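Peer 1: target.cif is reproduced below (mmCIF, C-alpha atoms).
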data_entry
loop_
_atom_site.label_atom_id
_atom_site.label_comp_id
_atom_site.auth_asym_id
_atom_site.auth_seq_id
_atom_site.Cartn_x
_atom_site.Cartn_y
_atom_site.Cartn_z
CA MET B 286 157.75 11.87 145.79
CA ALA B 287 154.99 12.97 143.46
CA ILE B 288 152.56 10.63 145.21
CA CYS B 289 153.69 11.89 148.59
CA LYS B 290 153.15 15.47 147.47
CA THR B 291 149.78 14.54 146.04
CA THR B 292 148.70 13.12 149.35
CA ARG B 293 149.88 16.14 151.30
CA GLY B 294 148.39 18.57 148.79
CA GLY B 295 145.08 16.72 148.71
CA ARG B 296 144.88 16.42 152.48
CA GLN B 297 144.97 20.13 153.17
CA MET B 298 141.67 21.38 154.56
CA VAL B 299 139.72 18.20 153.69
CA ALA B 300 138.37 18.04 157.25
CA GLY B 301 137.16 21.64 157.07
CA HIS B 302 135.61 21.19 153.63
CA PHE B 303 133.70 18.08 154.74
CA GLY B 304 132.57 19.87 157.90
CA PHE B 305 131.18 22.62 155.69
CA ALA B 306 129.39 20.01 153.55
CA ALA B 307 127.71 18.64 156.67
CA ILE B 308 126.61 22.15 157.68
CA ILE B 309 125.01 22.65 154.26
CA LYS B 310 123.33 19.23 154.46
CA SER B 311 121.64 20.28 157.70
CA ARG B 312 120.05 23.19 155.79
CA GLU B 313 119.54 21.66 152.33
CA LYS B 314 118.09 18.36 153.44
CA SER B 315 117.26 16.98 149.99
CA ALA B 316 120.83 17.28 148.72
CA PRO B 317 122.70 13.96 149.15
CA LEU B 318 125.57 14.18 151.64
CA TRP B 319 127.96 12.31 149.33
CA ALA B 320 127.24 14.86 146.57
CA LEU B 321 127.87 17.79 148.92
CA MET B 322 131.14 16.20 150.05
CA LEU B 323 132.17 15.60 146.46
CA ALA B 324 131.29 19.22 145.66
CA THR B 325 133.39 20.61 148.53
CA VAL B 326 136.49 18.85 147.20
CA TRP B 327 135.63 18.97 143.49
CA LEU B 328 138.41 21.46 142.68
CA ASP B 329 140.90 19.17 144.45
CA VAL B 330 139.52 16.11 142.64
CA VAL B 331 140.37 17.79 139.33
CA PHE B 332 143.63 19.07 140.81
CA VAL B 333 145.03 15.56 141.47
CA PRO B 334 145.38 14.42 137.82
CA LEU B 335 146.78 17.83 136.86
CA LEU B 336 149.31 17.45 139.68
CA LEU B 337 150.30 13.98 138.52
CA THR B 338 150.81 15.30 134.99
CA HIS B 339 152.78 18.31 136.31
CA ARG B 340 150.28 20.88 135.02
CA GLU B 341 149.88 22.02 138.61
CA SER B 342 152.25 21.59 141.53
CA VAL B 343 152.79 21.97 145.26
CA GLN B 344 155.82 23.64 146.76
CA PRO B 345 156.60 22.59 150.35
CA ILE B 346 157.90 25.49 152.43
CA HIS B 347 158.04 23.55 155.69
CA THR B 348 157.04 20.07 156.78
CA GLY B 349 154.26 21.05 159.18
CA TYR B 350 150.53 21.73 158.84
CA GLY B 351 149.74 24.11 155.98
CA GLY B 352 153.36 24.23 154.88
CA LEU B 353 152.61 24.39 151.18
CA ILE B 354 152.34 26.89 148.39
CA ILE B 355 149.93 25.32 145.93
CA HIS B 356 150.39 26.22 142.30
CA ALA B 357 146.91 25.17 141.18
CA ASP B 358 146.70 27.86 138.54
CA TYR B 359 143.89 26.19 136.60
CA THR B 360 141.65 24.47 139.13
CA HIS B 361 141.99 27.12 141.83
CA SER B 362 141.89 30.24 139.64
CA ILE B 363 138.66 32.23 140.00
CA ALA B 364 137.68 31.52 136.39
CA GLY B 365 138.62 27.85 136.76
CA MET B 366 136.61 27.57 139.97
CA LEU B 367 133.54 29.12 138.29
CA ALA B 368 133.85 26.84 135.25
CA LEU B 369 134.40 23.64 137.28
CA SER B 370 131.53 24.51 139.64
CA ALA B 371 129.22 25.14 136.69
CA VAL B 372 130.23 21.80 135.13
CA LEU B 373 129.52 19.92 138.37
CA GLY B 374 126.18 21.72 138.77
CA ALA B 375 125.27 20.82 135.17
CA ILE B 376 126.13 17.15 135.80
CA PHE B 377 123.81 17.08 138.82
CA LEU B 378 121.09 18.94 136.94
CA ARG B 379 120.64 15.88 134.72
CA LYS B 380 119.42 13.70 137.60
CA HIS B 381 118.51 16.05 140.42
CA ASP B 382 116.23 18.96 141.16
CA ARG B 383 117.37 22.36 139.84
CA ARG B 384 117.72 23.72 143.36
CA VAL B 385 119.95 20.80 144.39
CA ALA B 386 122.14 21.33 141.31
CA ILE B 387 122.54 25.02 142.15
CA VAL B 388 123.44 24.16 145.75
CA ILE B 389 126.03 21.66 144.51
CA ALA B 390 127.57 24.29 142.22
CA LEU B 391 127.66 26.86 145.05
CA VAL B 392 129.18 24.35 147.48
CA SER B 393 131.85 23.60 144.88
CA ALA B 394 132.60 27.33 144.68
CA SER B 395 132.76 27.46 148.49
CA HIS B 396 135.94 25.39 148.24
CA TRP B 397 137.71 28.40 146.76
CA VAL B 398 136.35 30.71 149.47
CA LEU B 399 137.56 28.42 152.28
CA ASP B 400 140.90 28.03 150.54
CA LEU B 401 141.09 31.81 150.18
CA VAL B 402 141.19 32.09 153.97
CA VAL B 403 144.05 29.63 154.52
CA HIS B 404 146.14 29.71 151.33
CA ARG B 405 149.06 32.01 150.95
CA PRO B 406 148.51 34.33 147.95
CA ASP B 407 148.76 31.58 145.34
CA MET B 408 145.31 31.51 143.72
CA PRO B 409 145.13 33.50 140.45
CA VAL B 410 142.19 35.16 138.73
CA LEU B 411 142.57 33.53 135.32
CA PRO B 412 143.67 29.98 134.41
CA GLY B 413 147.42 29.65 134.12
CA ASN B 414 147.68 33.08 135.79
CA LEU B 415 146.99 34.64 132.41
CA GLY B 416 147.81 38.34 132.43
CA ASN B 417 149.87 37.91 135.60
CA LEU B 418 147.11 39.45 137.73
CA THR B 419 146.95 39.55 141.53
CA ARG B 420 146.95 36.20 143.31
CA PHE B 421 144.66 35.68 146.27
CA GLY B 422 145.05 34.07 149.67
CA PHE B 423 144.80 35.48 153.19
CA GLY B 424 147.52 33.14 154.45
CA LEU B 425 146.01 31.74 157.63
CA TRP B 426 148.33 28.76 157.19
CA ASN B 427 151.06 31.12 158.35
CA HIS B 428 149.32 30.76 161.73
CA PRO B 429 148.82 26.99 161.88
CA GLN B 430 147.06 26.94 165.25
CA ALA B 431 144.46 29.48 164.10
CA ALA B 432 143.92 27.62 160.81
CA ALA B 433 143.53 24.31 162.64
CA CYS B 434 141.00 25.96 165.01
CA VAL B 435 138.93 27.11 162.01
CA GLU B 436 138.96 23.56 160.62
CA LEU B 437 138.11 22.12 164.02
CA LEU B 438 135.15 24.49 164.34
CA LEU B 439 133.89 23.48 160.89
CA VAL B 440 134.15 19.77 161.77
CA ILE B 441 132.41 20.15 165.13
CA ALA B 442 129.71 22.50 163.79
CA GLY B 443 129.16 20.24 160.77
CA ALA B 444 128.78 17.05 162.82
CA ALA B 445 126.58 18.77 165.42
CA MET B 446 124.28 20.49 162.90
CA TYR B 447 124.03 17.34 160.79
CA TRP B 448 123.17 15.25 163.88
CA ARG B 449 120.50 17.71 165.01
CA SER B 450 118.90 17.83 161.57
CA ALA B 451 119.10 14.05 161.04
CA MET B 452 117.58 13.39 164.48
CA GLU B 453 114.75 15.79 163.64
CA VAL B 454 113.84 14.04 160.36
CA SER B 455 114.21 10.62 162.01
CA ALA B 456 111.84 11.62 164.82
CA LYS B 457 109.31 12.99 162.32
CA ALA B 458 109.39 9.64 160.48
CA GLY B 459 108.92 7.75 163.75
CA ARG B 460 112.40 6.21 163.63
CA ASN B 461 115.02 6.00 166.32
CA GLY B 462 118.12 8.12 165.95
CA ARG B 463 120.70 5.36 165.60
CA LEU B 464 121.53 5.99 161.95
CA ALA B 465 121.53 9.75 162.48
CA SER B 466 123.98 9.35 165.36
CA LEU B 467 126.11 6.90 163.38
CA ALA B 468 126.44 9.24 160.39
CA ALA B 469 127.18 12.26 162.61
CA ALA B 470 129.76 10.25 164.57
CA MET B 471 131.44 9.19 161.32
CA ILE B 472 131.63 12.81 160.18
CA ALA B 473 133.12 13.88 163.52
CA VAL B 474 135.60 11.01 163.86
CA PHE B 475 136.82 11.18 160.26
CA GLY B 476 137.16 14.96 160.39
CA LEU B 477 139.05 14.91 163.68
CA LEU B 478 141.28 12.06 162.50
CA VAL B 479 142.20 13.82 159.24
CA LEU B 480 142.79 17.09 161.05
CA PHE B 481 144.98 15.33 163.62
CA LEU B 482 147.02 13.58 160.91
CA ASP B 483 147.30 16.83 158.99
CA TYR B 484 148.33 18.89 162.01
CA THR B 485 150.89 16.39 163.24
CA SER B 486 152.36 15.66 159.78
CA MET T 162 147.23 7.55 147.29
CA GLY T 163 146.18 5.62 150.39
CA PHE T 164 144.74 8.84 151.80
CA ILE T 165 142.72 9.51 148.65
CA ALA T 166 141.36 5.94 148.73
CA GLY T 167 140.47 6.43 152.40
CA VAL T 168 138.61 9.65 151.66
CA PHE T 169 136.74 7.98 148.79
CA LEU T 170 135.77 5.05 151.01
CA PHE T 171 134.60 7.40 153.76
CA VAL T 172 132.41 9.40 151.35
CA VAL T 173 130.86 6.18 149.99
CA VAL T 174 130.14 4.70 153.43
CA VAL T 175 128.83 7.89 155.09
CA GLY T 176 126.85 8.58 151.91
CA LEU T 177 125.19 5.18 152.12
CA VAL T 178 124.29 5.71 155.79
CA ASP T 179 122.95 9.19 154.96
CA ARG T 180 120.80 7.75 152.15
CA ARG T 181 119.02 5.48 154.62
CA LEU T 182 117.82 8.46 156.64
CA PRO T 183 114.32 9.77 155.89
CA TRP T 184 115.38 13.10 154.42
CA PRO T 185 112.60 15.00 152.63
CA SER T 186 112.68 15.09 148.84
CA ALA T 187 113.31 18.37 147.05
CA LYS T 188 109.57 18.61 146.32
CA GLN T 189 108.58 17.97 149.94
CA GLN T 190 111.07 20.55 151.15
CA GLU T 191 109.79 23.08 148.65
CA GLU T 192 106.19 22.44 149.68
CA ALA T 193 107.13 22.84 153.33
CA GLY T 194 108.33 26.32 152.41
CA LYS T 195 111.85 25.71 153.63
CA TRP T 196 113.36 27.15 150.47
#
What does the file become when written as structure tokens?
Peer 2:
Amino acid sequence: MAICKTTRGGRQMVAGHFGFAAIIKSREKSAPLWALMLATVWLDVVFVPLLLTHRESVQPIHTGYGGLIIHADYTHSIAGMLALSAVLGAIFLRKHDRRVAIVIALVSASHWVLDLVVHRPDMPVLPGNLGNLTRFGFGLWNHPQAAACVELLLVIAGAAMYWRSAMEVSAKAGRNGRLASLAAAMIAVFGLLVLFLDYTS
Amino acid sequence: MGFIAGVFLFVVVVGLVDRRLPWPSAKQQEEAGKW
């Protein structure tokens, strides 16, 4: 049950987050795609062990797409998001350019912003909802078709912008665009597959 | 857990393909005035 919940909780919005990572890659060409993808789901990466140890939890409210209230009071609090993003940026600063590290930290923080749009008001300001302050979430998951459309747009825009940018650098280097097309196709197919599985769950 | 493993595998594979593309380095991008 816990594993099942983990999978459902972790699957939410992954397609959209990865689409966003591909959009950023098309602009910040020196940042590795894997690092941007890791950054977009960094809060969820930390969330999984906390979920397994019952520090955080998911509460299903229906079985369909977006049918969860996620009690991620540490990883998805504003303070937690800022701290985790700073930690990830600092890790990348050790081996990458300062600019890349800052981009990675900002992309990690973007996870919270995208979640803000779809989550019901379940994301607190302080870790553990200290002080019982207002929780945030615009609740687009209450309108599953609209939320899925946002994710779909992110996946399509991400794959298309990545492909365009990768084709451009390939052409400049005198290479054919096979690898660029392969990577963009993988982004599109994976994103659409995850979104389909998520939406039809 | 299978889903998490699948995501991890996807990130590794697409990351490896992406690494083989001739992306500019941070220095080259800075020099080109893109930042």
Peer 1: Can you list what the PyMOL selection byres ((chain T) within 7 of (chain B)) grabs from this structure, as a compact mmCIF listing (two decimals) with C-alpha atoms, in the frame of the given file?
Peer 2:
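result.txt was written with the following content:
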# COMPACT_ATOMS: atom_id res chain seq x y z
CA MET T 162 147.23 7.55 147.29
CA PHE T 164 144.74 8.84 151.80
CA VAL T 172 132.41 9.40 151.35
CA VAL T 173 130.86 6.18 149.99
CA VAL T 175 128.83 7.89 155.09
CA GLY T 176 126.85 8.58 151.91
CA VAL T 178 124.29 5.71 155.79
CA ASP T 179 122.95 9.19 154.96
CA LEU T 182 117.82 8.46 156.64
CA PRO T 183 114.32 9.77 155.89
CA TRP T 184 115.38 13.10 154.42
CA PRO T 185 112.60 15.00 152.63
CA SER T 186 112.68 15.09 148.84
CA ALA T 187 113.31 18.37 147.05
Peer 1: Could you state which residues are captured by the PyMOL selection byres ((chain B and resi 302) around 9) in this file, as a ChimeraX atom specification?
Peer 2: /B:298-301,303-307,322,325-326,395-396,399,436,439-440
Peer 1: Just C-alpha atoms for this one: save the residues we selected as an mmCIF file, in the coordinates of the input.
Peer 2:
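Saved file result_2.cif follows:
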data_model
loop_
_atom_site.group_PDB
_atom_site.id
_atom_site.type_symbol
_atom_site.label_atom_id
_atom_site.label_comp_id
_atom_site.auth_asym_id
_atom_site.auth_seq_id
_atom_site.Cartn_x
_atom_site.Cartn_y
_atom_site.Cartn_z
ATOM 1 C CA MET B 298 141.670 21.380 154.560
ATOM 2 C CA VAL B 299 139.720 18.200 153.690
ATOM 3 C CA ALA B 300 138.370 18.040 157.250
ATOM 4 C CA GLY B 301 137.160 21.640 157.070
ATOM 5 C CA PHE B 303 133.700 18.080 154.740
ATOM 6 C CA GLY B 304 132.570 19.870 157.900
ATOM 7 C CA PHE B 305 131.180 22.620 155.690
ATOM 8 C CA ALA B 306 129.390 20.010 153.550
ATOM 9 C CA ALA B 307 127.710 18.640 156.670
ATOM 10 C CA MET B 322 131.140 16.200 150.050
ATOM 11 C CA THR B 325 133.390 20.610 148.530
ATOM 12 C CA VAL B 326 136.490 18.850 147.200
ATOM 13 C CA SER B 395 132.760 27.460 148.490
ATOM 14 C CA HIS B 396 135.940 25.390 148.240
ATOM 15 C CA LEU B 399 137.560 28.420 152.280
ATOM 16 C CA GLU B 436 138.960 23.560 160.620
ATOM 17 C CA LEU B 439 133.890 23.480 160.890
ATOM 18 C CA VAL B 440 134.150 19.770 161.770
#
Peer 1: Can you tell me, as a PyMOL selection string, what residues are no more than 8 Å from His404 (chain B) when counting all atoms listed in the file, ignoring any on the same chain fewer than 2 positions away?
Peer 2: chain B and resi 354-355+400-402+406-408+421-426
Peer 1: What's the 10 Å shell around Ala371 (chain B), counting only C-alpha atoms, without same-chain residues fewer than 5 positions away, as JSON, numbers by chain?
Peer 2: {"B": [365, 366, 376, 377, 386, 387, 389, 390, 391, 393, 394]}
Peer 1: Distance CA of Leu353 (chain B)-CA of Ala166 (chain T), one decimal place?
Peer 2: 21.7 Å
Peer 1: So which one's closest to Leu437 (chain B), B:Pro412, B:Gly476, B:Pro345, B:Gly351? Using all atoms listed in the file, please.
Peer 2: B:Gly476
Peer 1: Any idea what the distance is between CA of Gln344 (chain B) and CA of Gln297 (chain B)?
Peer 2: 13.1 Å
Peer 1: Which residue gives the smallest distance to Ala445 (chain B) among B:Ile309, B:Val392, B:Ala473, B:Ala375, with all atoms listed in the file counted?
Peer 2: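 Nearest candidate to Ala445 (chain B) out of B:Ile309, B:Val392, B:Ala473, B:Ala375: B:Ala473.
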Peer 1: Quick one: pull the distance between CA of Asn414 (chain B) and CA of Leu373 (chain B), Å, one decimal.
Peer 2: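 Answer for the CA of Asn414 (chain B) to CA of Leu373 (chain B) separation: 22.6 Å.
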